[in-house]
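Just below is one structure, and these are the notes that go with it.
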Protein chains: 4
Amino acid sequence: VSRHLIDAFATTGPMAEVFSDRSVLQALLDVETALAHAQAETGMIPAAAAESIARAARAERFDAAAIADASRQSASIVIPLVEALTGRVREIDQAAAGYVHWGATSQDILDTAMSLLVQRGREILSRDHAGLSTALGNLSERHKSDVMLARTLLQPGVPTTFGLKAAVWCHAVRRSWRRLSEATDEAAVLQFGGAGGTLASLDSAGPRVTTALAHQLGLRAPTAPWQADRDRIAALVSGCGLYCGALGKMARDVSLLMQFEVGEAAEPGGGSSSMPHKRNPAGSAIVLATATRLPGLVASSIAALVQEHERAVGGWHAEWATLADALQTTGSALAAARGLVEGLTIDAGRMRVNLEATGGSFALERLTMMVARKHGRERAQEMVRQVLARMRSERLTLAQAVQMTPEVATSLSEHQLRLLPQAEDYLGLAEQFRQRLLEED
Amino acid sequence: VSRHLIDAFATTGPMAEVFSDRSVLQALLDVETALAHAQAETGMIPAAAAESIARAARAERFDAAAIADASRQSASIVIPLVEALTGRVREIDQAAAGYVHWGATSQDILDTAMSLLVQRGREILSRDHAGLSTALGNLSERHKSDVMLARTLLQPGVPTTFGLKAAVWCHAVRRSWRRLSEATDEAAVLQFGGAGGTLASLDSAGPRVTTALAHQLGLRAPTAPWQADRDRIAALVSGCGLYCGALGKMARDVSLLMQFEVGEAAEPGGGSSSMPHKRNPAGSAIVLATATRLPGLVASSIAALVQEHERAVGGWHAEWATLADALQTTGSALAAARGLVEGLTIDAGRMRVNLEATGGSFALERLTMMVARKHGRERAQEMVRQVLARMRSERLTLAQAVQMTPEVATSLSEHQLRLLPQAEDYLGLAEQFRQRLLEED
Amino acid sequence: VSRHLIDAFATTGPMAEVFSDRSVLQALLDVETALAHAQAETGMIPAAAAESIARAARAERFDAAAIADASRQSASIVIPLVEALTGRVREIDQAAAGYVHWGATSQDILDTAMSLLVQRGREILSRDHAGLSTALGNLSERHKSDVMLARTLLQPGVPTTFGLKAAVWCHAVRRSWRRLSEATDEAAVLQFGGAGGTLASLDSAGPRVTTALAHQLGLRAPTAPWQADRDRIAALVSGCGLYCGALGKMARDVSLLMQFEVGEAAEPGGGSSSMPHKRNPAGSAIVLATATRLPGLVASSIAALVQEHERAVGGWHAEWATLADALQTTGSALAAARGLVEGLTIDAGRMRVNLEATGGSFALERLTMMVARKHGRERAQEMVRQVLARMRSERLTLAQAVQMTPEVATSLSEHQLRLLPQAEDYLGLAEQFRQRLLEED
Amino acid sequence: VSRHLIDAFATTGPMAEVFSDRSVLQALLDVETALAHAQAETGMIPAAAAESIARAARAERFDAAAIADASRQSASIVIPLVEALTGRVREIDQAAAGYVHWGATSQDILDTAMSLLVQRGREILSRDHAGLSTALGNLSERHKSDVMLARTLLQPGVPTTFGLKAAVWCHAVRRSWRRLSEATDEAAVLQFGGAGGTLASLDSAGPRVTTALAHQLGLRAPTAPWQADRDRIAALVSGCGLYCGALGKMARDVSLLMQFEVGEAAEPGGGSSSMPHKRNPAGSAIVLATATRLPGLVASSIAALVQEHERAVGGWHAEWATLADALQTTGSALAAARGLVEGLTIDAGRMRVNLEATGGSFALERLTMMVARKHGRERAQEMVRQVLARMRSERLTLAQAVQMTPEVATSLSEHQLRLLPQAEDYLGLAEQFRQRLLEED
């Protein structure tokens with residue numbers, strides 16, 4: 001595993017693997033190999049040379065640290081890599097050494113390798129997202145009838161269901177996934193333009209080699225080289241930001257529901273080194289940490305868009321760490337979110353207790369509407385304020401306070417009076433919305 | 001005009017108008033009016049009441065400053081507005097006052113009003129983008145044969161054409177517009193959920209009122225209320241960021257081409273208070289200022305996604321200024337970019353001069369490829385390095401230096417030797433890429 | 001008032017006044033006036049000319065909107081302003097018109113005017129901070145003996161006091177204020193360098209005029225002109241970000257304490273348009289909205305540091321909106337925070353109830369330490385886990401569970417057993433820390 | 001070396017070493033060891049136990065990957081580490097195992113370990129800054145008489161010296177270093193508060209153990225524990241942002257001066273894989289990449305300030321990756337900047353050529369001032385515009401054009417006419433400012 005301890009919550013094993021030295025090296029070498037094959041296919045270089053290049057281009061034979069060191073001289077990790085690759089090829093096939101990196105420029109190799117890594121990262125995210133999405137759908141289904149308080153500005157509001165709450169999380173996560181997924185597809189694109197983005201080095205063979213290269217690598221070929229147009233990468237990082245925002249909203253809710261004083265949900269969660277009784281929202285913490293970091297990463301990636309001419313000084317070089325960070329930390333949040341949702345336990349009884357503890361004030365909107373139908377909204381609000389005052393001063397439930405306020409009580413039918421304290425009768429379209437949210441997509 | 005001097009480059013007259021007090025007030029009042037009409041339509045409130053509400057709901061009758069002051073008590077500009085509106089309605093129709101804001105919550109009004117403002121802002125942006133897009137297409141077409149240096153890391157590279165350069169700008173701007181435009185459409189959506197997002201206050205009439213309300217306002221109805229799911233807004237701000245990044249890349253290039261020492265392009269541009277001769281990249285400055293600010297605005301909007309339960313404390317309240325800022329400043333950059341491109345003059349002669357001033361080093365890649373076909377890439381690089389050394393030490397052109405390096409000279413045919421210094425013969429796929437970039441979309 | 005409705009929570013009346021057109025215009029004109037006076041003082045221009053310039057330089061005579069419009073041509077609001085000022089002067093004193101803006105450049109005027117506005121903004125912030133700081137000290141003092149749960153990861157921990165909690169808020173706010181205050185002082189500095197930062201236009205009079213000008217305006221003179229070195233401004237915006245972060249932490253805590261299920265604190269707070277019973281954390285919402293926006297503003301201001309040569313294209317122009325935004329929104333958060341703290345009510349009874357509701361689990365750390373002294377930490381943790389399991393399975397208090405676990409009970413003295421459930425006996429250094437935090441600074 | 005290839009420009013060998021698994025592990029273990037020693041010193045635990053703990057606490061005996069994996073369960077890397085450490089201690093001294101991590105909480109260990117790492121990082125930065133600062137001072141001194149164009153909005157302005165330019169860079173870098181250095185000192189502080197920040201677990205020994213612990217580790221003891229008050233860390237990251245902004249401004253200038261068309265400076269710099277002649281601004285690229293990334297990292301660190309109660313869910317967990325990133329990438333930029341400045345070559349001849357190429361327009365401000373002294377600024381501007389028009393239409397130098405405009409020519413003395421084209425006579429206070437900038441600090 002190539003993850004560092006300091007980044008324990010900023011990546012996962014599989015995501016760290018994608019951006020490990022070995023994987024990055026191999027992706028770069030895969031592009032050099034595919035280039036050689038594509039050029040052999042179109043007759044530009046001998047087929048035997050391509051074979052030799054392919055044989056030499058094995059990550060395990062290269063010294064990542066040495067390449068990283070040397071790269072600072074040229075601000076390019078490809079230049080020392082090509083030099084090393086040429087050396088390896090020469091060892092096995094002197095003639096082939098002359099065909100390494102033929103007609104390409106460093107950026108072609110690096111951008112295309114990043115596209116390959118994005119594709120691999122996407123697969124991991126995709127798998128975890130599918131798990132999370134399913135788990136959220138099941139969670140919502142399982143608790144579709146669990147009535148709880150809606151909370152606005154962290155204060156109790158009208159009743160809702162946990163099923164709807166989970167469906168809202170689910171829809172937001174799926175909606176954001178669609179964006180991220182599209183952005184990933186758009187970003188995983190071949191770069192091949194030569195020194196200045198005109199492919200002049202290949203004479204007339206440019207289009208054929210491009211097509212063959214894209215095919216070799218399983219990447220889409222772009223309309224034209226995109227050396228200094230990095231919007232696809234910034235859009236991908238933004239997609240990560242939006243997706244982690246949706247995860248973060250859910251984790252914030254979970255951490256709030258897990259408060260001892262609320263107690264409506266619990267993560268399987270973790271312990272404390274000093275307080276043995278604690279059941280911490282550990283998964284939520286990892287998700288929220290990511291949601292705190294992503295906005296800054298998105299800002300960095302958008303700031304990098306202002307690039308100079310046909311290849312930038314710095315803007316381009318700012319991308320790799322940001323992109324790798326964004327994808328890895330998204331992967332970390334997603335893994336934590338999936339674990340969190342799959343292991344989440346819901347305490348429907350406690351939801352009911354919290355609802356009742358408000359003394360029925362969740363029905364004040366309903367009461368206002370009932371009275372308003374008779375007296376208009378203004379007058380109704382005034383009357384309801386009286387009821388509320390009585391509730392508070394005499395510590396009554398809403399039903400009791402209504403009974404003791406004749407003007408209000410007489411505005412309501414028997415039936416209405418009976419319905420008033422029944423939360424499950426004031427759920428509006430909760431179930432309808434829930435179903436719609438889960439059906440869509 | 002409601003723009004401030006301090007924001008002179010952060011908005012334009014028309015965009016400032018959209019977010020002026022009058023316009024914001026009227027948008028809020030339009031939503032209240034539409035709600036009343038929708039409810040009258042479905043028989044929830046008397047038609048006469050809706051009429052009276054509509055008559056009262058005129059922005060010019062409300063005191064924006066007083067509402068802004070009062071809003072700090074409740075962290076809501078809608079609460080004091082509804083109070084004021086109720087007062088105005090009462091003055092003309094006592095009975096109707098009771099039906100103002102019927103069954104709605106503040107957020108329904110505010111979110112929906114923001115959607116209306118987004119739509120209006122979009123129209124302005126759309127118009128300016130169309131102008132910019134056309135101007136860029138024309139610019140590229142006009143200069144399709146103007147040969148210039150591609151520049152990588154701010155150093156001269158191989159030749160390209162200004163036509164391709166402009167086409168690359170154009171495609172990036174159009175591609176980013178597509179994203180922004182989709183994000184705007186997605187964001188301009190009705191919000192209608194009542195106190196907790198269940199529409200319980202409307203009993204069974206919820207779906208019908210929702211449909212009527214969306215229709216009244218010309219907005220899409222969402223799958224379900226989205227009070228605490230703000231990804232559409234953050235996606236819109238991100239879309240602004242990506243779009244302004246594409247504008248910024250173009251403005252950076254223009255400001256670099258306008259340098260006295262480069263002199264290949266000129267904005268109509270502005271003066272200086274101390275140096276009468278200066279022709280400044282004023283439009284570029286406004287665009288680049290925006291591109292500098294947007295990443296931070298995007299970060300703010302994504303950070304706001306982590307919202308609590310059914311309505312957030314703060315996250316929601318952070319949005320308005322950010323969204324209004326992002327749209328206005330995008331409008332400002334776009335107007336400047338359009339003016340800049342429409343008035344841009346290109347000096348093809350100077351492009352040629354700068355190209356020649358390199359002594360033909362733009363052909364070094366070509367020379368390497370030519371020699372490499374005979375001697376392989378490694379050997380070729382070594383030989384070309386000798387040519388280069390001679391160019392530098394003896395201050396020769398490339399052609400001269402080749403002639404004086406027999407090993408190299410004899411590697412080339414007559415024809416190749418003649419072609420070497422001709423930049424227009426080393427443009428590769430420049431024109432093909434240019435056409436593809438302009439045709440797409 | 002010049003605040004907009006859309007910015008209702010992003011500024012306050014007094015802060016909006018500082019950045020109003022009138023105030024910005026007057027600040028610019030004040031600099032032109034001071035320049036004329038300084039130059040008259042040193043004999044560069046006639047004293048009468050300076051008098052005429054001073055008389056003409058009254059903001060109310062200038063059309064801010066026209067200047068804002070014209071400014072887009074030159075990317076400078078000073079160029080059209082100087083033109084307009086010259087016109088006004090000419091009307092009253094033909095000869096004096098020739099001495100307007102003598103030897104200065106636009107940036108000298110604009111940067112120095114911003115320094116004046118920063119100073120004015122600082123006074124407002126300073127006043128509100130003093131009020132907040134005092135209120136926090138008093139709050140801490142008043143509740144120094146109110147015992148409550150410390151909460152870590154939103155779970156109950158050991159006991160603490162509300163007095164310490166408020167003192168921690170207070171110290172962080174004061175510490176951050178010191179940083180912000182120093183950054184403001186550092187940023188409010190004269191800019192005077194002429195066209196290129198050498199003051200060549202003033203011949204040998206440069207140093208004397210600089211001194212006189214700084215004195216006229218009550219600003220510090222810098223070591224040298226700082227046209228393209230904007231670190232002081234970015235440091236000021238960062239200072240706002242850190243300060244608002246401290247306010248935000250406090251507001252987050254308050255909004256959590258105000259939850260119905262917690263109920264330990266209450267803002268004077270605001271209503272809801274649909275739920276009459278709600279007492280919302282309105283002040284916290286405004287503070288948290290600011291804390292959500294500031295990180296992005298800081299990012300923008302730091303991104304603007306990378307400026308070109310002696311005056312930037314865009315980086316400089318990005319500053320004004322960002323700086324004005326940061327100061328105003330800080331002012332808004334501060335005003336809200338002050339109101340919040342001054343009106344905060346604390347429910348010490350509820351704090352006790354919540355503490356007891358844990359069944360004494362707040363003492364588990366203590367119990368572990370007590371047992372560990374006899375059996376070592378490892379063994380103690382194991383024994384305490386048994387106690388904890390018993391508490392949970394048999395729904396006992398900690399004291400009861402200890403009694404029923406002989407091995408543990410016998411590890412403790414009578415005295416220890418008696419102390420265990422007493423939260424006020426397990427406050428450690430809470431009071432000592434509280435006093436230190438309040439005394440410092 | 002523990003740097004990854006993907007982060008080649010985001011860290012350096014020495015900085016990566018500081019945040020390597022080994023170093024992070026050892027820092028954590030050093031804190032546990034120091035805690036044991038401090039407690040032994042005050043008689044809380046047996047001296048022999050402290051010795052055993054110290055012997056066991058060697059990073060090389062721990063499996064970082066396993067700890068990273070396990071840490072996700074509790075969102076804490078300290079919990080699995082303490083468990084592993086206890087195991088190691090038990091192996092060598094059964095009795096001592098019971099005294100590991102005595103009375104501490106995870107956060108105490110982690111925060112304090114981070115303070116140690118910050119100190120180590122600071123030393124590396126400090127060394128490189130000293131080198132850079134010296135090199136900049138020397139650079140300025142060496143070129144104090146090299147006259148060049150000041151450039152505003154990337155257009156030629158009045159003359160200045162490269163000595164002043166370098167002194168301006170130098171002062172900004174030193175000024176920002178002072179901020180960063182202070183922020184680092186402030187941030188490297190002990191954390192010791194136990195479970196809830198009251199140190200209740202240590203009874204009356206809290207103050208003594210705190211003092212001993214701080215002394216052991218060479219860290220400052222804070223006024224009180226600061227678990228949820230992270231402003232010092234955010235201030236440190238902001239300090240990195242401001243410092244890298246100053247480096248970035250310099251690198252931007254260098255990359256612009258290195259343009260082929262400008263040619264006034266050159267980095268030792270690096271090659272290109274496709275264009276053998278290129279001398280790229282490789283150091284500038286690394287610095288500018290960092291300057292592009294930092295604003296986002298600062299935003300993340302400030303966003304993390306809004307923490308819940310006595311220990312946050314997520315905000316705290318977001319810090320490590322951000323802080324480690326910020327310090328490492330600052331170290332990378334600083335190393336690149338130092339190399340860049342130490343190897344920078346300046347072409348004074350080319351500076352002169354570029355100056356002359358303007359035809360003397362650098363003297364237009366001077367001419368205006370000369371004429372204005374006779375005719376007033378308004379009239380002078382008009383006359384100079386005529387001169388300028390003639391320069392352009394007839395392709396004259398300024399001196400020639402003045403000669404051919406009698407009204408202007410006769411306004412000037414012989415002496416003035418002679419001075420006009422002499423750039424070194426229009427340097428104003430350049431040398432005076434240069435000396436002041438270098439002397440300060």
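Labels used: A, B, ... for chains in the order of the structure tokens, numbers from 1 for residues in each chain, and numbers from 1 for ligands as shown.
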Task: chain B contacts to chain A at 6 Å (only C-alpha atoms) as number ranges by chain - done: B: 98-99, 150-153, 158, 196, 198-200, 224, 245, 248-249, 253, 295-296, 299, 302-303, 305-313, 376-378, 426-430, 433
- [ ] Extract, using only C-alpha atoms, all DNA, RNA and protein residues at most 8 Å from Ala75 of chain D, discarding same-chain residues fewer than 6 positions from it, and format them as a ChimeraX atom specification.
- [x] /A:9,270,282-283,285-286 /D:317
TODO: Compile the contact shell of segment 52-61 of chain B as a ChimeraX atom specification: residues with an atom at most 10 Å away, counting only C-alpha atoms, same-chain residues fewer than 5 positions apart removed.
DONE: /B:21-37,47,84-97,99-101
TODO: Quote the spacing between atom CA of Ala321 of chain D and atom CA of Ala324 of chain A in Å to one decimal place.
DONE: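 Interatomic distance here is 12.9 Å.
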Open item on the list: as a PyMOL selection string, please: the residues near segment 185-188 of chain C (cut-off 7 Å, only C-alpha atoms, same-chain neighbours under 5 positions excluded).
Closed with: chain C and resi 115-116+118-119+219+232-233+236
Can you write out the residues you just picked, keeping C-alpha atoms, as an mmCIF file, in the first residue's frame?
```cif
data_model
loop_
_atom_site.group_PDB
_atom_site.id
_atom_site.type_symbol
_atom_site.label_atom_id
_atom_site.label_comp_id
_atom_site.auth_asym_id
_atom_site.auth_seq_id
_atom_site.Cartn_x
_atom_site.Cartn_y
_atom_site.Cartn_z
ATOM 1 C CA SER C 115 -6.193 52.496 2.780
ATOM 2 C CA LEU C 116 -8.435 55.301 4.036
ATOM 3 C CA VAL C 118 -9.781 50.244 5.473
ATOM 4 C CA GLN C 119 -9.084 52.612 8.362
ATOM 5 C CA LEU C 219 -1.447 57.215 6.980
ATOM 6 C CA ARG C 232 -0.682 43.386 3.111
ATOM 7 C CA ILE C 233 -4.118 43.307 1.552
ATOM 8 C CA LEU C 236 -5.895 41.639 5.907
#
```
Open item on the list: Report, in Å to a single decimal, how far apart atom CA of Glu267 of chain B and atom CA of Gly343 of chain B are.
Closed with: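 Value for the atom CA of Gly343 of chain B-atom CA of Glu267 of chain B distance: 6.2 Å.
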Residues of segment 202-376 of chain A in strand (DSSP E) according to DSSP, as a PDB file with C-alpha atoms, in the first residue's frame?
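So the final result, stored in part22.pdb, reads:
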```
ATOM      1  CA  ALA A 265     -29.288   7.058  14.617  1.00  0.00           C
ATOM      2  CA  ALA A 266     -25.982   5.349  15.263  1.00  0.00           C
ATOM      3  CA  THR A 345     -28.967   1.771  12.904  1.00  0.00           C
ATOM      4  CA  ILE A 346     -32.110   3.822  13.315  1.00  0.00           C
TER       5      ILE A 346
END
```
Task: Separation of atom CA of Ser393 of chain A from atom CA of Val78 of chain B in Å - done: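 Atom-to-atom, atom CA of Val78 of chain B to atom CA of Ser393 of chain A, that is 29.1 Å.
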